[in-house]
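Shown next, in structure tokens, is the structure this report addresses.
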Amino acid sequence: MRTSKALIVWPLLAVALLGGCAGTPAAPPAPEALTVQVLQTLPHDTSAFTEGLEFSGTTLYESRGLSGESALTAGPAGRAPATRVALPSPLFAEGITILGPKLWQLTWQDGFAIERDAKTLAELRRVPFGGEGWGLCHQASGRLVMSNGSSKLTFRDPQTFAVTGSVDVGVDQLNELECVGDTVYANVWKTGTILRIDARSGQITGRIDASGLRTPVDPGEDVLNGIAAIPGTDEFLVTGKLWPSMFRVKFVPAKTGHAQNGT
């Protein structure tokens, strides 16, 4: 009887072990290593402490930070803005996103988001939220995606600004954001890295090395921050705080290396 019981137990144990292995989820693939291919270099206002950058049609919107100097501008890329509004001191402007006729603009530590008319940039209302505001973008569904300097992306209702969910990306200091479908591109503060993130899972699917875009020549220049998808293309406009240039780029596999700047 001992032998027969042992013969029964071992197959059952083997099945249990195999079942446990089969139920273990596979590790996610490593993020794709990407770099920037520069297609064109455009001028950028060196007084612009860039916190948000987004296209709506052919109009480029830029949110500019710093207390007492914060502003929102709109106009053609690489040219003087056609419209500009200043934020009253001491407000510190952060990320922006445009939803049809409306625009949302974050403030950093002031505790509210500003809803604006996208054409005139006039303030319509202020909506309070907890914590800090860093980056902002929106998905095709209209859902807002927000960063606060942590590793978390928070989803918000486009009408009420109420929190509807979140995902943790696992990398801290997510800053300016750009949404393209279910993908979120996020600048990582104080680095030359842009992360490509699956917003459904929070998984990082790509790491874009943009550190070679510009070597600061002025000690007053600040970090890479500002990424805007160019509508109808697979290209992006990328810049940094107080940079003299913006770059029209494609994100390409790192093995292809950096391309020469265009004109």
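Labels used: A, B, ... for chains in the order of the structure tokens, numbers from 1 for residues in each chain, and numbers from 1 for ligands as shown.
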key: Residues within 10 Å of Gly95 in chain A, only C-alpha atoms, excluding chain neighbours under 6 positions, as a VMD selection string   = chain A and resid 50 to 54 62 to 65 104 to 108 113 133 to 137 146 to 147 175 to 178 226
task = Step one, run DSSP on the backbone; step two, keep only residues of range 15-242 of chain A assigned to strand (DSSP E or B); then write them as an MDAnalysis selection string.
result = chainID A and resid 32:43 50:56 59:64 71:75 83:86 93:99 102:107 112:117 123:128 136:138 144:147 152:156 163:168 174:180 183:188 193:198 204:209 224:229 236:240
key: Using only C-alpha atoms: which of A:Ala118, A:Ala93, A:Leu103, A:Leu174 has the shortest distance to Ser150 in chain A   =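 Selected residue with least distance to Ser150 in chain A: A:Leu174.
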request  = Would you mind telling me which residue in A:Thr120, A:Gln109, A:Ser201, A:Thr41 lies nearest to Gly165 in chain A when using only C-alpha atoms?
outcome  =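 Closest residue, counting only C-alpha atoms: A:Ser201.
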query = So how far away is CA of Leu42 in chain A from CA of Pro231 in chain A, in Å?
reply =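 These two atoms are separated by 17.2 Å.
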Among listed residues A:Gly130, A:Gly240, A:Pro253, A:Gly68, nearest Gly206 in chain A (using only C-alpha atoms) = A:Pro253
message = At a cut-off of 10 Å, using only C-alpha atoms, what residues contact Trp189 in chain A? Leave out same-chain residues fewer than 3 positions from it and give the result as a PyMOL selection string.
response = chain A and resi 149+172-176+186+192-194+223-225
Mind checking which residues fall within 9 Å of Pro158 in chain A, counting only C-alpha atoms, ignoring those fewer than 6 positions away in the same chain, and posting them as an mmCIF file with N, CA and C atoms, in the first residue's frame?
```
data_model
loop_
_atom_site.group_PDB
_atom_site.id
_atom_site.type_symbol
_atom_site.label_atom_id
_atom_site.label_comp_id
_atom_site.auth_asym_id
_atom_site.auth_seq_id
_atom_site.Cartn_x
_atom_site.Cartn_y
_atom_site.Cartn_z
ATOM 1 N N LEU A 99 -8.673 70.161 -25.960
ATOM 2 C CA LEU A 99 -9.806 69.286 -26.259
ATOM 3 C C LEU A 99 -10.844 70.080 -27.039
ATOM 4 N N TRP A 104 -7.051 72.742 -21.165
ATOM 5 C CA TRP A 104 -6.756 72.608 -19.740
ATOM 6 C C TRP A 104 -5.297 72.972 -19.507
ATOM 7 N N HIS A 138 -4.259 64.209 -23.453
ATOM 8 C CA HIS A 138 -5.558 63.534 -23.507
ATOM 9 C C HIS A 138 -5.546 62.466 -24.587
ATOM 10 N N GLY A 142 -10.964 61.197 -24.943
ATOM 11 C CA GLY A 142 -11.128 62.437 -24.190
ATOM 12 C C GLY A 142 -10.565 62.344 -22.783
ATOM 13 N N ARG A 143 -10.247 61.130 -22.340
ATOM 14 C CA ARG A 143 -9.713 60.953 -20.989
ATOM 15 C C ARG A 143 -8.396 61.717 -20.830
ATOM 16 N N LEU A 144 -8.280 62.462 -19.745
ATOM 17 C CA LEU A 144 -7.052 63.195 -19.463
ATOM 18 C C LEU A 144 -6.050 62.283 -18.764
#
```
Counting only C-alpha atoms, which residues of range 225-258 of chain A fall within 7 Å of range 24-40 of chain A, and what is the closest atom pair for each with its distance in Å at one decimal, ordered by chain and rising number, as a Markdown table?
```
| residue | atom | partner | partner_atom | distance |
| --- | --- | --- | --- | --- |
| A:Phe247 | CA | A:Gln40 | CA | 5.8 |
| A:Arg248 | CA | A:Gln40 | CA | 5.0 |
| A:Val249 | CA | A:Val38 | CA | 4.5 |
| A:Lys250 | CA | A:Gln37 | CA | 5.1 |
| A:Phe251 | CA | A:Val36 | CA | 4.8 |
| A:Val252 | CA | A:Leu34 | CA | 5.4 |
| A:Pro253 | CA | A:Leu34 | CA | 4.4 |
| A:Ala254 | CA | A:Leu34 | CA | 4.4 |
| A:Gly257 | CA | A:Thr35 | CA | 6.8 |
| A:His258 | CA | A:Gln37 | CA | 5.5 |
```
task = Considering only C-alpha atoms, return as a list in words whatever protein or nucleic-acid residues lie within 12 Å of Pro101 in chain A, sequence-local ones (same chain, fewer than 6 positions apart) excluded.
result =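 Once the adjacent positions are removed, what remains is Ser56, Glu115, Arg116, Asp117, Ala118, Lys119, Thr120, Leu121, Ala122 and Leu124 of chain A.
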For the selection you just gave me, I'd like the residues written to a file as a short mmCIF file (atom, residue, chain, number, x, y, z; two decimals), in the first residue's frame, keeping N, CA, C and O atoms.
```
data_model
loop_
_atom_site.label_atom_id
_atom_site.label_comp_id
_atom_site.auth_asym_id
_atom_site.auth_seq_id
_atom_site.Cartn_x
_atom_site.Cartn_y
_atom_site.Cartn_z
N SER A 56 -2.58 71.69 -31.95
CA SER A 56 -3.97 71.49 -32.32
C SER A 56 -4.07 72.01 -33.75
O SER A 56 -3.99 73.22 -33.99
N GLU A 115 -9.33 75.89 -16.86
CA GLU A 115 -9.96 75.59 -18.15
C GLU A 115 -10.02 76.90 -18.94
O GLU A 115 -10.44 77.93 -18.41
N ARG A 116 -9.62 76.84 -20.23
CA ARG A 116 -9.56 78.04 -21.06
C ARG A 116 -10.28 77.83 -22.38
O ARG A 116 -10.50 76.70 -22.83
N ASP A 117 -10.59 78.94 -23.02
CA ASP A 117 -11.05 78.93 -24.40
C ASP A 117 -9.82 78.71 -25.28
O ASP A 117 -8.85 79.46 -25.19
N ALA A 118 -9.83 77.66 -26.11
CA ALA A 118 -8.65 77.30 -26.88
C ALA A 118 -8.29 78.34 -27.94
O ALA A 118 -7.14 78.43 -28.36
N LYS A 119 -9.26 79.14 -28.37
CA LYS A 119 -9.01 80.13 -29.41
C LYS A 119 -8.47 81.43 -28.82
O LYS A 119 -7.47 81.98 -29.29
N THR A 120 -9.10 81.93 -27.79
CA THR A 120 -8.69 83.21 -27.21
C THR A 120 -7.73 83.06 -26.04
O THR A 120 -7.09 84.03 -25.63
N LEU A 121 -7.66 81.85 -25.47
CA LEU A 121 -6.88 81.52 -24.27
C LEU A 121 -7.46 82.14 -23.00
O LEU A 121 -6.85 82.08 -21.92
N ALA A 122 -8.64 82.71 -23.10
CA ALA A 122 -9.28 83.32 -21.94
C ALA A 122 -9.63 82.27 -20.89
O ALA A 122 -10.07 81.16 -21.22
N LEU A 124 -11.76 80.32 -18.27
CA LEU A 124 -13.18 80.06 -18.10
C LEU A 124 -13.53 79.68 -16.66
O LEU A 124 -14.54 80.11 -16.13
#
```
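For range 17-230 of chain A, backbone-based DSSP assignment of helix (DSSP H, G or I) covers Leu17, Leu18, Gly19, Gly20, Cys21 and Ala22 of chain A.
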query = If we count only C-alpha atoms, what is near Asp198 in chain A at a cut-off of 12 Å, once residues fewer than 6 positions away on the same chain are taken out, given as a list in words?
reply = Pro28, Pro31, Gln139, Val145, Leu153, Val167, Asp168, Val169, Cys179, Val180, Gly181, Asp182, Thr183, Val184, Tyr185, Ala186, Ile204, Thr205 and Gly206 of chain A
request  = Using CA of Arg214 in chain A and CA of Thr191 in chain A as the two end points, give the distance in Å to one decimal.
outcome  =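 Going from CA of Arg214 in chain A over to CA of Thr191 in chain A, I get 12.2 Å.
Atom to atom, CA of Gly232 in chain A and CA of Arg79 in chain A stand 20.7 Å apart.
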